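Chemist: Dropping the structure in here first, questions after.
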Amino acid sequence: MDEPVKRPSVDPLDKLSRLTRPGSVIRLKGLNDRQFTAVSAGLGLALAAGVVLAAGPWDSGQRKAEQDWAAARIPTGGVHHEPGAPLAPKPAPSAPAVLAPLSSVVDNAAPDARDAPDGEAATLSATLGPLLKAPALGTVRTAVVIDTATGERLYGQGADTPMTPASTVKIATTVAALSALGPDHRIATTVRASPDSRSITLVGGGDPTLDKAALRALAADTARALKDRGVKSVRLTYDTSRYSGPARHPIGPNENIAPVSALMTDEGRLDSSDSGPAPRSDDPARDTARTFGELLDDAGIATRSGPAPGRPAAKSRPVAKHLSAPLSALVERTLTNSDNDIAEALARQTALAAGERADFEGGRRAVTAQLKKLHLPLKGANFADGSGLNRKDKVTAGLLAGLLARAADPDHPELRPVLTGLPVAGFTGTLSDRYTQKSAGTGLIRAKTGTLTGVNTLAGTVVDEQGRLLAFAFLASGTTSPSQAQSSLDALATSLAAPTR
């Protein structure tokens with residue numbers, strides 16, 4: 001079982017207004033001049049994004065995914081792994097831009113292949129070594145730090161040891177999806193009508209973020225098309241055939257994930273929540289089709305009976321379509337909120353792009369093949385699912401840090417949403433309550449968390465005192481206290497930003 005989780009909350013503009021109000025700027029304890037300037041600039045960028053949101057649409061660019069998220073302001077579900085912290089600042093709406101590496105020469109072809117000079121390695125070893133010995137990190141702990149500008153491995157301990165990653169495996173899932181499909185890909189939900197328009201089929205494309213508003217728009221468009229042909233009643237079916245294999249995750253019924261279906265509304269949630277754990281539908285496709293039928297009735301098209309599973313009729317034609325948010329935005333939501341439902345959908349979308357069956361096994365093969373194309377170190381890796389809920393998932397610290405280094409590579413701009421989606425320490429997602437206003441790492445660390453019973457992981461990026469963007473991965477197993485393990489992982493990340501003297 002995974003650890004008890006808590007729903008994240010977002011009240012970003014209030015936080016930003018307090019931090020930028022005249023006379024209210026407070027220097028964060030523990031930050032030197034360079035880091036304070038970086039944090040201040042980041043907050044200014046985030047506030048500017050809010051102003052642009054009010055003014056109108058943005059231009060396109062590598063921040064497009066975060067811009068789409070801010071414009072939509074549609075939170076999605078996920079698992080929040082961390083316990084509450086009363087001193088934590090409220091999360092911001094969108095993280096500050098990832099700082100560009102200072103070096104103009106980038107070669108990340110094999111991010112685990114080059115090691116730092118002995119002197120630099122010794123310095124990091126002196127910093128990280130004692131922290132990695134913390135008893136809270138359990139029986140096995142591994143670590144890797146990479147300079148994203150040069151591809152050099154600055155530090156490694158057990159770098160090639162396969163470990164259970166928990167939710168940090170979502171980094172691999174999202175990199176594979178973006179690489180296979182591109183950041184602009186959208187998932188379609190369609191309605192098809194038979195040649196005589198007497199039968200219609202709601203066809204799921206695999207969008208777990210489909211909501212009632214989207215269904216209402218689909219119903220309205222469908223009703224309009226049917227009325228144009230003089231049709232006032234139809235037989236309704238629904239098609240989930242785009243996905244294959246078992247719908248249930250191997251962990252069984254669980255509040256952290258719905259049955260995986262090509263057709264669902266609001267991630268199969270049965271309450272009014274939009275994030276975190278929640279009661280889930282046993283059959284999200286059927287429930288979605290029933291809601292669609294009711295909306296059709298409201299739009300003036302009667303359904304002759306309850307919806308039934310079925311394929312579109314031969315020679316059917318599309319009469320309505322809804323597109324999800326761009327894949328870039330889905331990736332950011334997956335990582336920020338640790339969203340299991342979107343992660344599993346992305347693994348299946350990757351499988352479909354690769355011509356594999358859209359099930360757990362097909363997702364495993366497709367993700368592995370896609371990461372192999374990116375020349376990443378895959379020895380010992382196993383992607384049993386897309387979310388990290390499966391303990392059979394295995395990755396190395398070298399792979400996780402390498403994935404993040406690859407996402408920072410200017411030659412792979414399509415992967416940038418992986419970095420912009422990482423939670424910001426003390427501000428967003430699953431790191432919103434892990435760092436307080438007095439924490440030296442607040443605002444400087446961006447990282448994906450992972451928590452299962454006995455497993456705690458953290459992988460992300462940080463700007464060090466020299467202005468370098470570092471990618472890091474810390475994995476621990478055999479832990480007995482989640483909160484103490486998380487504190488130890490946070491201390492490791494913080495030491496990269498603000499090493500103790």
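Residues in the structure tokens are numbered from 1 in each chain, the chains being A, B, ... in the order shown, and ligands are numbered from 1 in the order shown.
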Based on the backbone DSSP call, show me all residues of range 130-365 of chain A assigned strand (DSSP E or B), as number ranges by chain.

Modeler: A: 140-147, 152-157, 163, 188-193, 199-203, 233-239, 254, 257, 269, 280, 302-303, 308-309, 317-323

Chemist: Write out as CSV the residues of range 133-222 of chain A that have any atom within 9 Å of an atom of range 229-237 of chain A, one row each with the nearest atom pair and its distance in Å to one decimal, counting only C-alpha atoms, sorted by chain and then rising number.

Modeler:
```
residue,atom,partner,partner_atom,distance
A:Asp196,CA,A:Arg229,CA,8.9
A:Ser197,CA,A:Val231,CA,7.0
A:Arg198,CA,A:Val234,CA,4.9
A:Ser199,CA,A:Arg235,CA,4.7
A:Ile200,CA,A:Leu236,CA,5.3
A:Thr201,CA,A:Thr237,CA,4.7
A:Leu202,CA,A:Thr237,CA,6.4
A:Val203,CA,A:Thr237,CA,8.7
```

Chemist: Skipping near chain neighbours, those fewer than 3 positions away, what residues fall within 12 Å of Asp239 in chain A using only C-alpha atoms, listed as a PyMOL selection string?

Modeler: chain A and resi 189-192+200-206+236+242-244+261-264+285-286+288-289+307-313

Chemist: Given the selection you just returned, output its residues as a file containing N, CA and C atoms, formatted as a PDB file, in the first residue's frame.

Modeler:
```pdb
ATOM      1  N   THR A 189     -11.804  12.641 -27.880  1.00  0.00           N
ATOM      2  CA  THR A 189     -13.018  11.892 -27.559  1.00  0.00           C
ATOM      3  C   THR A 189     -14.038  12.268 -28.636  1.00  0.00           C
ATOM      4  N   THR A 190     -14.629  11.278 -29.287  1.00  0.00           N
ATOM      5  CA  THR A 190     -15.494  11.565 -30.427  1.00  0.00           C
ATOM      6  C   THR A 190     -16.864  10.924 -30.282  1.00  0.00           C
ATOM      7  N   VAL A 191     -17.801  11.430 -31.055  1.00  0.00           N
ATOM      8  CA  VAL A 191     -19.131  10.825 -31.200  1.00  0.00           C
ATOM      9  C   VAL A 191     -19.319  10.516 -32.674  1.00  0.00           C
ATOM     10  N   ARG A 192     -19.699   9.275 -32.981  1.00  0.00           N
ATOM     11  CA  ARG A 192     -19.908   8.851 -34.364  1.00  0.00           C
ATOM     12  C   ARG A 192     -21.363   8.398 -34.533  1.00  0.00           C
ATOM     13  N   ILE A 200     -25.780   6.187 -32.329  1.00  0.00           N
ATOM     14  CA  ILE A 200     -24.543   6.950 -32.121  1.00  0.00           C
ATOM     15  C   ILE A 200     -23.663   6.239 -31.104  1.00  0.00           C
ATOM     16  N   THR A 201     -22.368   6.477 -31.222  1.00  0.00           N
ATOM     17  CA  THR A 201     -21.398   5.836 -30.322  1.00  0.00           C
ATOM     18  C   THR A 201     -20.455   6.885 -29.757  1.00  0.00           C
ATOM     19  N   LEU A 202     -20.339   6.895 -28.439  1.00  0.00           N
ATOM     20  CA  LEU A 202     -19.365   7.739 -27.752  1.00  0.00           C
ATOM     21  C   LEU A 202     -18.053   6.954 -27.692  1.00  0.00           C
ATOM     22  N   VAL A 203     -17.023   7.464 -28.376  1.00  0.00           N
ATOM     23  CA  VAL A 203     -15.773   6.722 -28.539  1.00  0.00           C
ATOM     24  C   VAL A 203     -14.687   7.344 -27.657  1.00  0.00           C
ATOM     25  N   GLY A 204     -14.199   6.576 -26.697  1.00  0.00           N
ATOM     26  CA  GLY A 204     -13.139   7.058 -25.814  1.00  0.00           C
ATOM     27  C   GLY A 204     -11.780   6.982 -26.480  1.00  0.00           C
ATOM     28  N   GLY A 205     -11.014   8.048 -26.329  1.00  0.00           N
ATOM     29  CA  GLY A 205      -9.659   8.069 -26.874  1.00  0.00           C
ATOM     30  C   GLY A 205      -8.591   7.899 -25.822  1.00  0.00           C
ATOM     31  N   GLY A 206      -9.007   7.927 -24.538  1.00  0.00           N
ATOM     32  CA  GLY A 206      -8.041   7.746 -23.464  1.00  0.00           C
ATOM     33  C   GLY A 206      -7.743   8.993 -22.669  1.00  0.00           C
ATOM     34  N   LEU A 236     -27.843   4.627 -28.035  1.00  0.00           N
ATOM     35  CA  LEU A 236     -26.519   5.074 -27.608  1.00  0.00           C
ATOM     36  C   LEU A 236     -25.649   3.905 -27.180  1.00  0.00           C
ATOM     37  N   ARG A 242     -10.090   1.235 -27.547  1.00  0.00           N
ATOM     38  CA  ARG A 242      -8.756   1.773 -27.812  1.00  0.00           C
ATOM     39  C   ARG A 242      -7.734   1.231 -26.815  1.00  0.00           C
ATOM     40  N   TYR A 243      -8.167   0.941 -25.596  1.00  0.00           N
ATOM     41  CA  TYR A 243      -7.287   0.332 -24.606  1.00  0.00           C
ATOM     42  C   TYR A 243      -7.557  -1.170 -24.523  1.00  0.00           C
ATOM     43  N   SER A 244      -6.501  -1.918 -24.184  1.00  0.00           N
ATOM     44  CA  SER A 244      -6.600  -3.367 -24.088  1.00  0.00           C
ATOM     45  C   SER A 244      -6.258  -3.821 -22.671  1.00  0.00           C
ATOM     46  N   SER A 261      -9.296   3.130 -18.208  1.00  0.00           N
ATOM     47  CA  SER A 261     -10.252   2.993 -19.307  1.00  0.00           C
ATOM     48  C   SER A 261     -10.008   4.085 -20.341  1.00  0.00           C
ATOM     49  N   ALA A 262     -10.326   3.768 -21.597  1.00  0.00           N
ATOM     50  CA  ALA A 262     -10.206   4.764 -22.662  1.00  0.00           C
ATOM     51  C   ALA A 262     -11.294   5.816 -22.582  1.00  0.00           C
ATOM     52  N   LEU A 263     -12.312   5.570 -21.752  1.00  0.00           N
ATOM     53  CA  LEU A 263     -13.418   6.520 -21.603  1.00  0.00           C
ATOM     54  C   LEU A 263     -13.705   6.706 -20.117  1.00  0.00           C
ATOM     55  N   MET A 264     -13.512   7.908 -19.626  1.00  0.00           N
ATOM     56  CA  MET A 264     -13.832   8.209 -18.234  1.00  0.00           C
ATOM     57  C   MET A 264     -14.029   9.708 -18.075  1.00  0.00           C
ATOM     58  N   ALA A 285     -16.333   4.094 -17.620  1.00  0.00           N
ATOM     59  CA  ALA A 285     -16.839   4.241 -18.986  1.00  0.00           C
ATOM     60  C   ALA A 285     -18.361   4.231 -19.006  1.00  0.00           C
ATOM     61  N   ARG A 286     -18.953   3.297 -18.307  1.00  0.00           N
ATOM     62  CA  ARG A 286     -20.419   3.217 -18.259  1.00  0.00           C
ATOM     63  C   ARG A 286     -21.002   4.474 -17.620  1.00  0.00           C
ATOM     64  N   THR A 288     -19.706   7.429 -17.541  1.00  0.00           N
ATOM     65  CA  THR A 288     -19.550   8.547 -18.468  1.00  0.00           C
ATOM     66  C   THR A 288     -20.614   8.498 -19.561  1.00  0.00           C
ATOM     67  N   ALA A 289     -20.870   7.309 -20.083  1.00  0.00           N
ATOM     68  CA  ALA A 289     -21.884   7.167 -21.133  1.00  0.00           C
ATOM     69  C   ALA A 289     -23.271   7.514 -20.602  1.00  0.00           C
ATOM     70  N   PRO A 307     -27.289   3.291 -22.128  1.00  0.00           N
ATOM     71  CA  PRO A 307     -26.172   3.039 -23.047  1.00  0.00           C
ATOM     72  C   PRO A 307     -25.618   1.630 -22.861  1.00  0.00           C
ATOM     73  N   ALA A 308     -25.120   1.072 -23.943  1.00  0.00           N
ATOM     74  CA  ALA A 308     -24.546  -0.268 -23.917  1.00  0.00           C
ATOM     75  C   ALA A 308     -23.174  -0.234 -24.581  1.00  0.00           C
ATOM     76  N   PRO A 309     -22.254  -1.114 -24.181  1.00  0.00           N
ATOM     77  CA  PRO A 309     -20.962  -1.170 -24.865  1.00  0.00           C
ATOM     78  C   PRO A 309     -21.151  -1.543 -26.326  1.00  0.00           C
ATOM     79  N   GLY A 310     -20.332  -0.988 -27.187  1.00  0.00           N
ATOM     80  CA  GLY A 310     -20.430  -1.321 -28.608  1.00  0.00           C
ATOM     81  C   GLY A 310     -19.493  -0.495 -29.456  1.00  0.00           C
ATOM     82  N   ARG A 311     -19.258  -0.974 -30.668  1.00  0.00           N
ATOM     83  CA  ARG A 311     -18.411  -0.267 -31.623  1.00  0.00           C
ATOM     84  C   ARG A 311     -19.278   0.605 -32.532  1.00  0.00           C
ATOM     85  N   PRO A 312     -18.700   1.629 -33.150  1.00  0.00           N
ATOM     86  CA  PRO A 312     -19.458   2.423 -34.114  1.00  0.00           C
ATOM     87  C   PRO A 312     -19.925   1.559 -35.285  1.00  0.00           C
ATOM     88  N   ALA A 313     -21.052   1.916 -35.855  1.00  0.00           N
ATOM     89  CA  ALA A 313     -21.581   1.185 -36.998  1.00  0.00           C
ATOM     90  C   ALA A 313     -20.657   1.312 -38.194  1.00  0.00           C
TER      91      ALA A 313
END
```

Chemist: Counting only C-alpha atoms, figure out which residue out of A:Glu152, A:Asp409, A:Glu294, A:Asp266 gets nearest to Arg216 in chain A.

Modeler: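 Nearest candidate to Arg216 in chain A out of A:Glu152, A:Asp409, A:Glu294, A:Asp266: A:Glu294.
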
Chemist: Can you tell me, as a list of chain:residue names, what residues are no more than 6 Å from range 360-377 of chain A when counting only C-alpha atoms, ignoring any on the same chain fewer than 3 positions away?

Modeler: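 Surrounding residues, per the criterion: A:Ala176, A:Ala347, A:Arg348, A:Ala351, A:Glu356, A:Arg357, A:Phe383, A:Ala384, A:Asp385, A:Leu399.
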
Chemist: Tell me, as an NGL selection string, which residues lie within 10 Å of Pro165 in chain A, counting only C-alpha atoms; anything in the same chain fewer than 2 positions away does not count.

Modeler: :A and (162-163 or 167-170 or 388-397 or 400 or 449-452 or 455-459 or 474-477)

Chemist: Let me see the file: selected residues, N, CA and C atoms, as a compact mmCIF listing (two decimals), in the first residue's frame.

Modeler:
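File part-v8.txt, as written:
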```
# COMPACT_ATOMS: atom_id res chain seq x y z
N PRO A 162 19.49 -1.04 -9.49
CA PRO A 162 18.05 -0.90 -9.71
C PRO A 162 17.31 -0.80 -8.38
N MET A 163 16.41 0.19 -8.29
CA MET A 163 15.64 0.44 -7.08
C MET A 163 14.18 0.64 -7.44
N SER A 167 6.73 7.00 -7.27
CA SER A 167 6.19 7.93 -8.27
C SER A 167 7.24 8.66 -9.10
N THR A 168 8.52 8.56 -8.75
CA THR A 168 9.52 9.18 -9.61
C THR A 168 9.61 8.48 -10.97
N VAL A 169 9.00 7.29 -11.10
CA VAL A 169 8.98 6.63 -12.41
C VAL A 169 8.16 7.45 -13.41
N LYS A 170 7.32 8.36 -12.90
CA LYS A 170 6.55 9.23 -13.81
C LYS A 170 7.46 10.10 -14.67
N GLY A 388 4.01 4.29 -11.07
CA GLY A 388 4.92 4.02 -9.95
C GLY A 388 4.26 3.34 -8.78
N LEU A 389 2.98 2.99 -8.90
CA LEU A 389 2.29 2.29 -7.83
C LEU A 389 2.72 0.82 -7.74
N ASN A 390 3.28 0.30 -8.80
CA ASN A 390 3.68 -1.10 -8.85
C ASN A 390 5.11 -1.24 -8.32
N ARG A 391 5.29 -2.11 -7.32
CA ARG A 391 6.62 -2.30 -6.73
C ARG A 391 7.57 -3.03 -7.67
N LYS A 392 7.06 -3.57 -8.77
CA LYS A 392 7.94 -4.22 -9.73
C LYS A 392 8.67 -3.21 -10.61
N ASP A 393 8.27 -1.95 -10.56
CA ASP A 393 9.02 -0.91 -11.27
C ASP A 393 10.44 -0.88 -10.71
N LYS A 394 11.43 -0.77 -11.61
CA LYS A 394 12.82 -0.65 -11.19
C LYS A 394 13.54 0.36 -12.08
N VAL A 395 14.24 1.29 -11.47
CA VAL A 395 15.10 2.22 -12.19
C VAL A 395 16.35 2.44 -11.35
N THR A 396 17.35 3.04 -11.97
CA THR A 396 18.57 3.40 -11.24
C THR A 396 18.59 4.91 -11.03
N ALA A 397 19.39 5.33 -10.06
CA ALA A 397 19.57 6.77 -9.86
C ALA A 397 20.20 7.40 -11.10
N LEU A 400 17.34 8.06 -13.65
CA LEU A 400 16.48 9.19 -13.30
C LEU A 400 17.19 10.52 -13.52
N THR A 449 8.56 13.70 -6.27
CA THR A 449 8.61 12.88 -5.06
C THR A 449 8.14 11.47 -5.36
N GLY A 450 8.50 10.56 -4.49
CA GLY A 450 8.01 9.19 -4.59
C GLY A 450 7.87 8.58 -3.21
N THR A 451 6.73 7.96 -2.95
CA THR A 451 6.48 7.36 -1.63
C THR A 451 5.65 6.09 -1.76
N LEU A 452 6.20 4.99 -1.30
CA LEU A 452 5.47 3.76 -1.03
C LEU A 452 5.92 3.30 0.35
N VAL A 455 9.62 2.88 0.91
CA VAL A 455 10.34 3.45 -0.23
C VAL A 455 10.12 4.96 -0.26
N ASN A 456 11.21 5.70 -0.36
CA ASN A 456 11.13 7.16 -0.48
C ASN A 456 12.17 7.62 -1.49
N THR A 457 11.74 8.46 -2.45
CA THR A 457 12.64 8.90 -3.51
C THR A 457 12.42 10.38 -3.80
N LEU A 458 13.43 11.00 -4.40
CA LEU A 458 13.34 12.40 -4.80
C LEU A 458 14.29 12.59 -5.99
N ALA A 459 13.77 13.15 -7.08
CA ALA A 459 14.60 13.38 -8.27
C ALA A 459 14.17 14.69 -8.90
N PHE A 474 17.85 10.79 -5.77
CA PHE A 474 18.14 10.13 -4.51
C PHE A 474 17.04 9.09 -4.26
N LEU A 475 17.44 7.83 -4.07
CA LEU A 475 16.47 6.75 -3.85
C LEU A 475 16.82 6.00 -2.57
N ALA A 476 15.82 5.70 -1.77
CA ALA A 476 16.03 4.99 -0.51
C ALA A 476 14.98 3.90 -0.35
N SER A 477 15.39 2.76 0.15
CA SER A 477 14.45 1.67 0.43
C SER A 477 14.75 1.10 1.82
```

Chemist: Just the residues within 12 Å of Thr209 in chain A, please, counting only C-alpha atoms, with nothing from its chain fewer than 3 positions along; format it as a VMD selection string.

Modeler: chain A and resid 74 to 78 186 to 189 204 to 206 212 to 215 261 to 269 274 to 275 288 322 to 327 329 to 330 333 to 334 339 to 343 345 to 346

Chemist: Quick one, how far is CA of Thr222 in chain A from CA of Gly306 in chain A?

Modeler: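 Distance reported for this atom pair: 17.3 Å.
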
Chemist: If you count only C-alpha atoms, which residues fall within 10 Å of range 128-145 of chain A, apart from same-chain ones fewer than 5 positions away, as a ChimeraX atom specification?

Modeler: /A:112,122-123,151-163,396-402,405,454-461,470-489,491-493,495-496,499

Chemist: Which is closer to Ala381 in chain A than all the others in A:Thr164, A:Lys438, A:Thr150, A:Ala278, using only C-alpha atoms?

Modeler: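 Residue with the minimum atom-to-atom distance to Ala381 in chain A: A:Thr164.
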
Chemist: Separation of CA of Ile171 in chain A and CA of Gln466 in chain A, in Å?

Modeler: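 Atom-to-atom, CA of Ile171 in chain A to CA of Gln466 in chain A, that is 26.0 Å.
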
Chemist: What is the CA of Ala425 in chain A to CA of Glu465 in chain A distance in Å?

Modeler: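 Those two atoms sit 17.1 Å apart.
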